[in-house]
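I have placed the structure first, in the form of structure tokens, so that the comments after it can refer back to it.
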Amino acid sequence: MTLDAEHDPFAVPGDGSTYRDRFAGPYDHRTLKGVGHNLPQEAPAAFARAVIDANRLL
């Protein structure tokens with residue numbers, strides 16, 4: 001599971017293809033809309049959902 005923030009001032013959000021080759025198994029990428037650099041603080045529910053969903057990828 002990789003996450004990007006739509007309004008991160010330090011990194012341009014992408015589609016996850018840059019990271020895909022670093023994962024041997026199931027993979028999911030999400031871009032969280034309306035948030036900046038600090039995903040857990042700015043979008044705690046979406047961040048927690050990503051953690052839970054990442055566990056289900058196994």
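Identifiers in the structure tokens: chain A, B, ... in order shown; residue index from 1 per chain; ligand index from 1 in order shown.
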
Apply DSSP to the structure's backbone, then extract all residues of chain A labelled alpha helix (DSSP H) and return them as a compact mmCIF listing (two decimals) with N, CA and C atoms, in the first residue's frame.
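Resulting contents of result.txt:
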```txt
# COMPACT_ATOMS: atom_id res chain seq x y z
N SER A 17 2.84 3.90 -9.90
CA SER A 17 3.68 3.08 -10.77
C SER A 17 5.16 3.20 -10.44
N THR A 18 5.57 4.32 -9.88
CA THR A 18 6.97 4.52 -9.49
C THR A 18 7.39 3.54 -8.41
N TYR A 19 6.45 3.16 -7.55
CA TYR A 19 6.76 2.29 -6.41
C TYR A 19 6.45 0.82 -6.68
N ARG A 20 5.68 0.52 -7.70
CA ARG A 20 5.16 -0.84 -7.90
C ARG A 20 6.24 -1.91 -7.92
N LEU A 39 -0.41 12.99 6.11
CA LEU A 39 -1.62 12.18 5.89
C LEU A 39 -2.30 11.69 7.17
N PRO A 40 -1.57 11.11 8.14
CA PRO A 40 -2.25 10.61 9.34
C PRO A 40 -2.99 11.70 10.12
N GLN A 41 -2.45 12.91 10.11
CA GLN A 41 -3.08 14.00 10.86
C GLN A 41 -4.21 14.66 10.05
N GLU A 42 -3.99 14.81 8.76
CA GLU A 42 -4.96 15.54 7.94
C GLU A 42 -6.12 14.67 7.45
N PRO A 44 -7.13 11.24 9.01
CA PRO A 44 -6.95 10.06 9.85
C PRO A 44 -7.83 8.87 9.46
N ALA A 45 -9.05 9.11 9.06
CA ALA A 45 -9.93 8.00 8.70
C ALA A 45 -9.45 7.30 7.43
N ALA A 46 -9.07 8.07 6.42
CA ALA A 46 -8.58 7.48 5.17
C ALA A 46 -7.25 6.76 5.40
N PHE A 47 -6.40 7.32 6.25
CA PHE A 47 -5.13 6.68 6.57
C PHE A 47 -5.36 5.36 7.30
N ALA A 48 -6.24 5.37 8.28
CA ALA A 48 -6.55 4.14 9.02
C ALA A 48 -7.18 3.10 8.09
N ARG A 49 -8.04 3.51 7.18
CA ARG A 49 -8.65 2.60 6.23
C ARG A 49 -7.58 1.96 5.34
N ALA A 50 -6.59 2.73 4.94
CA ALA A 50 -5.50 2.20 4.11
C ALA A 50 -4.69 1.16 4.87
N VAL A 51 -4.45 1.39 6.15
CA VAL A 51 -3.72 0.41 6.98
C VAL A 51 -4.53 -0.88 7.07
N ILE A 52 -5.81 -0.77 7.34
CA ILE A 52 -6.67 -1.95 7.44
C ILE A 52 -6.74 -2.68 6.10
N ASP A 53 -6.90 -1.93 5.03
CA ASP A 53 -6.97 -2.56 3.71
C ASP A 53 -5.65 -3.18 3.30
N ALA A 54 -4.53 -2.60 3.69
CA ALA A 54 -3.22 -3.18 3.38
C ALA A 54 -3.09 -4.56 4.02
N ASN A 55 -3.59 -4.71 5.22
CA ASN A 55 -3.56 -6.00 5.89
C ASN A 55 -4.37 -7.04 5.12
N ARG A 56 -5.41 -6.61 4.47
CA ARG A 56 -6.28 -7.51 3.71
C ARG A 56 -5.68 -7.89 2.35
```

Open item on the list: With only C-alpha atoms as the counted atoms, please give the residues lying no more than 6 Å from range 1-10 of chain A, apart from itself and same-chain residues fewer than 6 positions off, as a list in words.
Closed with: Tyr27, Asp28, His29, Arg30, Thr31, Leu32, Lys33, Gly34, Val35, Gly36, His37 and Ala54 of chain A

TODO: Find the residues around Gly25 in chain A up to 10 Å (only C-alpha atoms counted), leave out those fewer than 4 positions away in its own chain, and share them as a PyMOL selection string.
DONE: chain A and resi 20-21+57-58

- [ ] Would you mind writing down, as number ranges by chain, each residue of chain A that DSSP on the backbone assigns to strand (DSSP E or B)?
- [x] A: 2-5, 29-32

How would the residues just picked look written out with C-alpha atoms as a CSV table (one decimal), in the first residue's frame?
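Listed below is the output, result25.csv:
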```csv
chain,number,residue,atom,x,y,z
A,2,THR,CA,1.4,3.4,-1.0
A,3,LEU,CA,-0.3,6.7,-0.4
A,4,ASP,CA,0.1,10.1,-2.0
A,5,ALA,CA,-1.5,13.4,-0.9
A,29,HIS,CA,-1.9,2.9,-4.4
A,30,ARG,CA,-4.2,5.7,-3.3
A,31,THR,CA,-4.1,9.4,-3.7
A,32,LEU,CA,-5.9,11.1,-0.8
```
